[in-house]
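Novice: my_file.cif is reproduced in full below (mmCIF, C-alpha atoms and all ligand atoms).
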```cif
data_protein
loop_
_atom_site.label_atom_id
_atom_site.label_comp_id
_atom_site.auth_asym_id
_atom_site.auth_seq_id
_atom_site.Cartn_x
_atom_site.Cartn_y
_atom_site.Cartn_z
CA MET L 175 -116.28 146.63 234.15
CA PRO L 176 -115.49 149.49 236.51
CA ARG L 177 -111.91 150.25 237.49
CA HIS L 178 -111.23 148.49 240.77
CA ASP L 179 -111.54 150.46 244.01
CA ASP L 180 -108.04 150.00 245.39
CA ASP L 181 -105.96 152.61 243.58
CA THR L 182 -102.69 151.24 245.00
CA ARG L 183 -103.21 147.84 243.39
CA GLY L 184 -102.15 147.19 239.81
CA TYR L 185 -104.04 145.47 237.00
CA LEU L 186 -103.69 142.02 235.51
CA ILE L 187 -104.64 141.94 231.83
CA SER L 188 -104.52 138.57 230.10
CA PHE L 189 -104.47 137.95 226.35
CA GLU L 190 -106.06 134.82 224.94
CA GLY L 191 -106.83 133.27 221.59
CA SER L 192 -105.93 130.29 219.47
CA GLU L 193 -102.59 129.70 217.73
CA GLY L 194 -101.40 132.56 215.54
CA SER L 195 -104.22 134.93 216.48
CA GLY L 196 -101.70 137.71 217.15
CA LYS L 197 -101.66 137.78 220.98
CA THR L 198 -97.90 138.15 221.36
CA THR L 199 -97.82 140.94 218.77
CA GLN L 200 -100.55 142.80 220.62
CA VAL L 201 -99.07 142.23 224.10
CA SER L 202 -95.88 143.99 223.06
CA ARG L 203 -97.71 146.86 221.32
CA VAL L 204 -100.05 147.42 224.26
CA ALA L 205 -97.11 147.29 226.70
CA GLU L 206 -95.47 150.11 224.75
CA ARG L 207 -98.70 152.11 224.91
CA PHE L 208 -98.93 151.71 228.69
CA GLU L 209 -95.25 152.61 229.13
CA ASN L 210 -95.61 155.69 226.94
CA ALA L 211 -98.59 156.69 229.06
CA GLY L 212 -96.33 156.53 232.14
CA TYR L 213 -97.44 153.20 233.65
CA ASP L 214 -94.96 150.76 235.17
CA THR L 215 -95.70 147.72 232.99
CA ILE L 216 -94.46 144.16 232.91
CA VAL L 217 -94.99 141.51 230.26
CA THR L 218 -95.05 137.83 231.02
CA ARG L 219 -96.29 134.64 229.45
CA GLU L 220 -97.69 131.19 230.07
CA PRO L 221 -96.54 128.58 230.25
CA GLY L 222 -93.32 130.17 231.50
CA GLY L 223 -92.48 133.57 232.92
CA THR L 224 -90.30 132.16 235.75
CA GLU L 225 -87.28 129.84 235.70
CA ILE L 226 -89.43 126.95 236.90
CA GLY L 227 -92.18 127.86 234.46
CA GLU L 228 -89.80 127.98 231.50
CA GLN L 229 -88.55 124.47 232.36
CA ILE L 230 -92.16 123.29 232.52
CA ARG L 231 -92.79 125.01 229.16
CA HIS L 232 -89.95 123.02 227.64
CA ILE L 233 -91.47 119.71 228.83
CA LEU L 234 -94.94 120.73 227.64
CA MET L 235 -93.97 121.98 224.22
CA HIS L 236 -90.54 120.87 223.05
CA ALA L 237 -89.07 117.90 224.97
CA ALA L 238 -89.11 114.49 223.28
CA GLU L 239 -90.31 113.07 226.62
CA GLY L 240 -93.51 115.13 226.26
CA GLU L 241 -94.74 113.06 223.33
CA ASN L 242 -96.54 110.50 225.54
CA MET L 243 -98.04 113.07 227.90
CA THR L 244 -101.56 112.37 229.12
CA PRO L 245 -104.16 115.18 229.17
CA GLU L 246 -104.23 115.02 232.99
CA THR L 247 -100.46 115.50 233.25
CA GLU L 248 -100.67 118.33 230.74
CA LEU L 249 -103.36 120.07 232.82
CA LEU L 250 -101.30 119.78 236.02
CA LEU L 251 -98.12 121.05 234.37
CA PHE L 252 -99.83 124.15 232.96
CA ALA L 253 -101.31 124.74 236.44
CA ALA L 254 -97.90 124.25 238.11
CA SER L 255 -96.31 126.85 235.85
CA ARG L 256 -99.16 129.26 236.65
CA ALA L 257 -98.97 128.68 240.43
CA GLN L 258 -95.30 129.71 240.34
CA LEU L 259 -95.90 132.71 238.07
CA VAL L 260 -98.71 134.05 240.26
CA ARG L 261 -96.67 133.92 243.46
CA GLU L 262 -93.25 134.87 242.09
CA VAL L 263 -94.24 137.57 239.57
CA ILE L 264 -97.90 138.54 239.32
CA ARG L 265 -98.93 139.00 242.94
CA PRO L 266 -95.84 141.09 243.89
CA ALA L 267 -96.31 143.23 240.76
CA LEU L 268 -99.99 143.80 241.54
CA ASP L 269 -99.06 144.76 245.11
CA ALA L 270 -96.53 147.22 243.68
CA GLY L 271 -99.27 148.86 241.56
CA LYS L 272 -97.96 147.67 238.18
CA ILE L 273 -99.78 146.79 234.98
CA ILE L 274 -99.15 143.14 234.13
CA LEU L 275 -99.79 141.92 230.60
CA CYS L 276 -99.91 138.14 230.52
CA ASP L 277 -99.72 136.25 227.21
CA ARG L 278 -102.25 133.51 228.16
CA PHE L 279 -103.53 132.73 231.68
CA LEU L 280 -106.05 130.36 233.25
CA ASP L 281 -108.65 130.64 230.45
CA SER L 282 -106.19 128.78 228.20
CA THR L 283 -106.49 125.79 230.54
CA THR L 284 -110.28 126.01 230.63
CA VAL L 285 -110.40 126.01 226.85
CA TYR L 286 -107.47 123.83 225.70
CA GLN L 287 -107.54 121.15 228.41
CA GLY L 288 -111.26 121.44 229.21
CA VAL L 289 -112.96 121.98 225.86
CA GLY L 290 -110.10 120.76 223.60
CA ARG L 291 -108.89 117.71 225.55
CA LYS L 292 -112.36 117.08 227.02
CA ILE L 293 -111.31 116.99 230.69
CA ALA L 294 -114.42 117.55 232.82
CA ALA L 295 -115.16 121.15 233.75
CA GLU L 296 -115.17 120.50 237.50
CA PRO L 297 -111.55 119.28 237.95
CA VAL L 298 -110.34 121.92 235.49
CA HIS L 299 -112.06 124.62 237.54
CA LEU L 300 -110.76 123.21 240.84
CA ILE L 301 -107.16 122.99 239.64
CA ASN L 302 -107.31 126.43 238.01
CA THR L 303 -108.66 127.94 241.22
CA PHE L 304 -106.00 126.24 243.33
CA ALA L 305 -103.23 127.48 241.03
CA VAL L 306 -104.25 131.15 240.95
CA GLY L 307 -105.50 131.56 244.54
CA GLU L 308 -107.30 134.90 244.72
CA ILE L 309 -105.62 136.33 241.60
CA MET L 310 -107.92 136.72 238.61
CA PRO L 311 -107.44 138.90 235.52
CA ASP L 312 -109.12 142.31 235.71
CA VAL L 313 -109.58 142.22 231.94
CA THR L 314 -109.09 139.43 229.40
CA VAL L 315 -108.61 140.30 225.73
CA ILE L 316 -109.52 137.53 223.29
CA VAL L 317 -107.93 137.98 219.89
CA ASP L 318 -110.37 136.03 217.75
CA ILE L 319 -109.61 134.57 214.32
CA PRO L 320 -110.73 131.50 212.39
CA ALA L 321 -108.51 128.54 213.29
CA GLU L 322 -107.40 128.05 209.67
CA MET L 323 -106.08 131.58 209.43
CA GLY L 324 -104.19 131.33 212.73
CA MET L 325 -102.58 128.02 211.75
CA ALA L 326 -101.56 129.45 208.36
CA ARG L 327 -99.81 132.36 210.09
CA VAL L 328 -97.95 130.02 212.43
CA LYS L 329 -96.92 127.73 209.56
CA HIS L 330 -95.34 130.65 207.72
CA ARG L 331 -92.96 131.39 210.58
CA VAL L 332 -89.42 131.00 209.36
CA ASN L 333 -87.02 128.48 211.04
CA ASP L 334 -89.68 127.33 213.49
CA LEU L 335 -90.87 123.74 213.79
CA PRO L 336 -94.38 123.21 215.19
CA ASP L 337 -94.30 122.54 218.94
CA ARG L 338 -96.30 119.70 220.56
CA MET L 339 -99.36 121.94 221.08
CA GLU L 340 -99.31 123.10 217.43
CA ARG L 341 -99.70 119.59 216.03
CA GLU L 342 -103.42 119.10 216.66
CA ASN L 343 -105.94 118.98 213.82
CA ILE L 344 -108.02 121.95 212.75
CA ALA L 345 -111.12 120.60 214.55
CA PHE L 346 -109.25 120.94 217.87
CA TYR L 347 -108.45 124.63 217.24
CA ASN L 348 -112.03 125.27 216.09
CA LYS L 349 -113.20 123.89 219.45
CA VAL L 350 -110.66 126.12 221.21
CA ARG L 351 -112.03 129.16 219.39
CA GLU L 352 -115.63 128.23 220.25
CA GLY L 353 -114.60 127.67 223.88
CA TYR L 354 -113.18 131.19 224.12
CA LEU L 355 -116.27 132.75 222.57
CA MET L 356 -118.48 130.84 225.01
CA LEU L 357 -116.44 132.15 227.95
CA ALA L 358 -116.69 135.71 226.65
CA LYS L 359 -120.45 135.36 226.29
CA ALA L 360 -120.77 134.02 229.84
CA LEU L 361 -118.55 136.71 231.43
CA PRO L 362 -118.89 139.89 229.35
CA GLU L 363 -117.74 142.08 232.25
CA ARG L 364 -114.23 140.54 232.15
CA PHE L 365 -113.77 139.70 228.46
CA VAL L 366 -113.14 141.89 225.44
CA VAL L 367 -113.28 140.16 222.04
CA VAL L 368 -111.41 141.79 219.17
CA ASP L 369 -111.32 140.77 215.52
CA GLY L 370 -107.80 139.39 214.93
CA THR L 371 -108.30 139.18 211.15
CA GLU L 372 -107.88 142.95 210.92
CA PRO L 373 -104.46 144.52 210.30
CA ARG L 374 -102.14 144.66 213.35
CA THR L 375 -102.60 148.40 213.90
CA THR L 376 -106.40 148.20 213.73
CA VAL L 377 -106.41 145.38 216.31
CA GLU L 378 -104.05 147.39 218.53
CA THR L 379 -106.23 150.51 218.33
CA GLU L 380 -109.33 148.54 219.24
CA ILE L 381 -107.67 146.86 222.24
CA TRP L 382 -106.20 150.13 223.47
CA SER L 383 -109.53 151.92 223.24
CA GLU L 384 -111.17 149.17 225.38
CA LEU L 385 -108.34 149.14 227.92
CA ARG L 386 -108.47 152.92 228.29
CA LYS L 387 -112.13 152.57 229.24
CA ARG L 388 -111.57 149.70 231.68
CA VAL L 389 -108.17 150.34 233.22
CA ILE L 390 -106.83 153.90 232.92
N1 LIG L 401 -101.70 126.13 226.39
C1 LIG L 401 -101.26 127.20 227.13
C2 LIG L 401 -102.60 125.21 226.93
O1 LIG L 401 -102.96 124.23 226.27
N2 LIG L 401 -103.06 125.40 228.19
C3 LIG L 401 -102.64 126.44 228.99
O2 LIG L 401 -103.08 126.57 230.13
C4 LIG L 401 -101.70 127.38 228.41
C5 LIG L 401 -101.23 128.55 229.23
C6 LIG L 401 -98.61 127.92 224.15
C7 LIG L 401 -99.36 126.66 223.84
O3 LIG L 401 -99.79 126.08 225.05
C8 LIG L 401 -101.19 125.94 225.04
C9 LIG L 401 -101.70 126.92 224.03
C10 LIG L 401 -100.59 126.95 223.02
O4 LIG L 401 -100.80 125.87 222.14
P1 LIG L 401 -97.29 129.59 222.64
O5 LIG L 401 -95.97 129.43 221.99
O6 LIG L 401 -97.38 130.51 223.77
O7 LIG L 401 -97.90 128.21 223.02
O8 LIG L 401 -98.23 129.80 221.43
P2 LIG L 401 -99.34 130.80 221.17
O9 LIG L 401 -99.79 131.45 222.42
O10 LIG L 401 -100.38 130.14 220.37
O11 LIG L 401 -98.53 131.88 220.36
P3 LIG L 401 -98.28 132.03 218.86
O12 LIG L 401 -96.98 132.76 218.75
O13 LIG L 401 -98.43 130.77 218.10
O14 LIG L 401 -99.45 132.96 218.39
P4 LIG L 401 -99.82 134.42 218.81
O15 LIG L 401 -99.00 134.92 219.95
O16 LIG L 401 -101.27 134.48 218.94
O17 LIG L 401 -99.45 135.23 217.50
P5 LIG L 401 -98.20 136.17 217.14
O18 LIG L 401 -98.42 137.52 217.65
O19 LIG L 401 -96.95 135.45 217.49
O20 LIG L 401 -98.41 136.20 215.58
C11 LIG L 401 -98.27 135.05 214.76
C12 LIG L 401 -97.85 135.50 213.36
O21 LIG L 401 -98.88 136.26 212.79
C13 LIG L 401 -98.45 137.58 212.50
C14 LIG L 401 -97.20 137.82 213.34
O22 LIG L 401 -96.35 138.77 212.78
C15 LIG L 401 -96.60 136.43 213.38
O23 LIG L 401 -95.87 136.18 212.21
N3 LIG L 401 -99.54 138.49 212.86
C16 LIG L 401 -100.39 139.03 211.96
N4 LIG L 401 -100.47 138.91 210.62
C17 LIG L 401 -101.47 139.58 210.00
N5 LIG L 401 -102.39 140.37 210.67
C18 LIG L 401 -102.33 140.52 212.01
N6 LIG L 401 -103.24 141.27 212.64
C19 LIG L 401 -101.29 139.82 212.71
N7 LIG L 401 -100.96 139.72 214.02
C20 LIG L 401 -99.90 138.91 214.09
#
```
Once you've parsed the file, please lay out its structure as structure tokens.

Specialist:
Amino acid sequence: MPRHDDDTRGYLISFEGSEGSGKTTQVSRVAERFENAGYDTIVTREPGGTEIGEQIRHILMHAAEGENMTPETELLLFAASRAQLVREVIRPALDAGKIILCDRFLDSTTVYQGVGRKIAAEPVHLINTFAVGEIMPDVTVIVDIPAEMGMARVKHRVNDLPDRMERENIAFYNKVREGYLMLAKALPERFVVVDGTEPRTTVETEIWSELRKRVI
């Protein structure tokens, strides 16, 4: 993908992958790389990233009331968090020429609610499009690992109970992984797939080398 033409506008780079793939680790390492290279960089996440979004995240992932949530409600809540994040944080930062690293974005909805929860592609696409408006990631990095390995990493986290989204069976996360790889195949100009089974520093080097080609 070429760098975009407007050199006053920033870049939105999203990171995707299934549970425990190492996205959050890589977001913070890549942010440091951009900052060291002199770029004004912000890190945000989904669901969350705004006060409203963090409240929505609590309902989606931790609140007891979330236990009976329907897939449709789940889809709309993820979209509501994103609609707020785009308008409150991402769009102003892009207008200010910043690099925005987002830990998950709309592809999570396509894959988790669409492929995982089996909501039809058309409403998922419509709601995603409504939530983001004209804002799409310039680059999306998929950190790809087998679902079993990701879940094992998450399980080994100390003092951390699984949240509502981490309690699915392995078949669900396998579908999530396949969904991401299908997206990457369909849209190779936006997606970069890196092997998340490699050591952290190898993954970081690979991502940085791709982002240098596509962004800076
Ligand atoms: N969701 C989200 C939807 O269903 N629809 C949506 O639209 C959106 C936006 C979000 C949940 O919501 C769902 C998806 C999720 O289920 P979250 O807390 O943001 O939940 O969870 P995750 O994004 O899955 O984050 P995790 O923290 O679980 O995983 P990460 O960020 O991929 O992994 P990370 O970096 O925290 O690493 C996990 C562990 O592995 C180690 C780390 O040190 C850490 O201990 N690690 C490595 N170990 C070995 N080798 C490497 N290369 C490693 N990289 C990291």

Novice: May I have the protein, DNA and RNA residues with an atom at most 9 Å from (-113.3, 146.3, 226.9), counting only C-alpha atoms in the file's coordinates, returned as JSON, numbers by chain?

Specialist: {"L": [175, 313, 314, 315, 362, 363, 364, 365, 366, 367, 380, 381, 382, 383, 384, 385, 386, 387, 388]}

Novice: Enumerate residues in contact with ligand LIG 401 (chain L): an atom-to-atom distance of at most 7 Å, counting all atoms listed in the file. Format the result as a PyMOL selection string.

Specialist: chain L and resi 191-200+220-221+252-253+277-283+286-287+327-328+331+339-340+370-374+377

Novice: List the residues sitting within 12 Å of (-104.0, 120.7, 231.8) in the file's frame, using all atoms listed in the file, as a ChimeraX atom specification.

Specialist: /L:221,234,243-256,280-295,297-302,305,339

Novice: Using Å and a single decimal, report how far atom CA of L:Gly227 sits from atom CA of L:Ile264.

Specialist: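 That distance, rounded to one decimal, is 13.1 Å.
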
Novice: Give me, please, the distance in Å between atom CA of L:Glu262 and atom CA of L:Val217, quoted to one decimal.

Specialist: 13.7 Å

Novice: To one decimal place, how far is atom CA of L:Leu357 from atom CA of L:Glu190 in Å?

Specialist: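 Going from atom CA of L:Leu357 over to atom CA of L:Glu190, I get 11.1 Å.
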
Novice: Hey, which of L:Ile226, L:Met235, L:Leu275, L:Ala321 ends up closest to L:Ala205? Count all atoms listed in the file.

Specialist: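 Residue with the minimum atom-to-atom distance to L:Ala205: L:Leu275.
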
Novice: Fewer than 5 positions away in the same chain doesn't count, so skip those; otherwise give me all residues within 10 Å of L:Ile309, counting all atoms listed in the file, as a tab-separated table (two decimals) with C-alpha atoms, in the frame of the given file.

Specialist:
```tsv
chain	number	residue	atom	x	y	z
L	186	LEU	CA	-103.69	142.02	235.51
L	260	VAL	CA	-98.71	134.05	240.26
L	261	ARG	CA	-96.67	133.92	243.46
L	264	ILE	CA	-97.90	138.54	239.32
L	265	ARG	CA	-98.93	139.00	242.94
L	268	LEU	CA	-99.99	143.80	241.54
L	303	THR	CA	-108.66	127.94	241.22
```

Novice: Between L:Ala211, L:Ala270, L:Ala238, L:Leu335, which one has atoms that come closest to L:Arg183, using only C-alpha atoms?

Specialist: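 Among L:Ala211, L:Ala270, L:Ala238, L:Leu335, it is L:Ala270 that comes nearest to L:Arg183.
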
Novice: Restricting the calculation to all atoms listed in the file: of L:Thr218, L:Gln229, L:Ser188, L:Asn210, which residue gets closest to L:Ala267?

Specialist: L:Thr218

Novice: So, with only C-alpha atoms as the atoms that count, which of L:Val389, L:Glu342, L:Gly271, L:Gly212 lies closest to L:Asp312?

Specialist: L:Val389

Novice: Which residue, L:Pro266, L:Leu355, L:Thr215, L:Phe304, has the smallest gap to L:Arg203 when you use only C-alpha atoms?

Specialist: L:Thr215

Novice: For L:Tyr185, which of L:Lys272, L:His236, L:Arg341, L:Lys359 is the closest residue, counting all atoms listed in the file?

Specialist: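 The shortest atom-to-atom distance to L:Tyr185 comes from L:Lys272.
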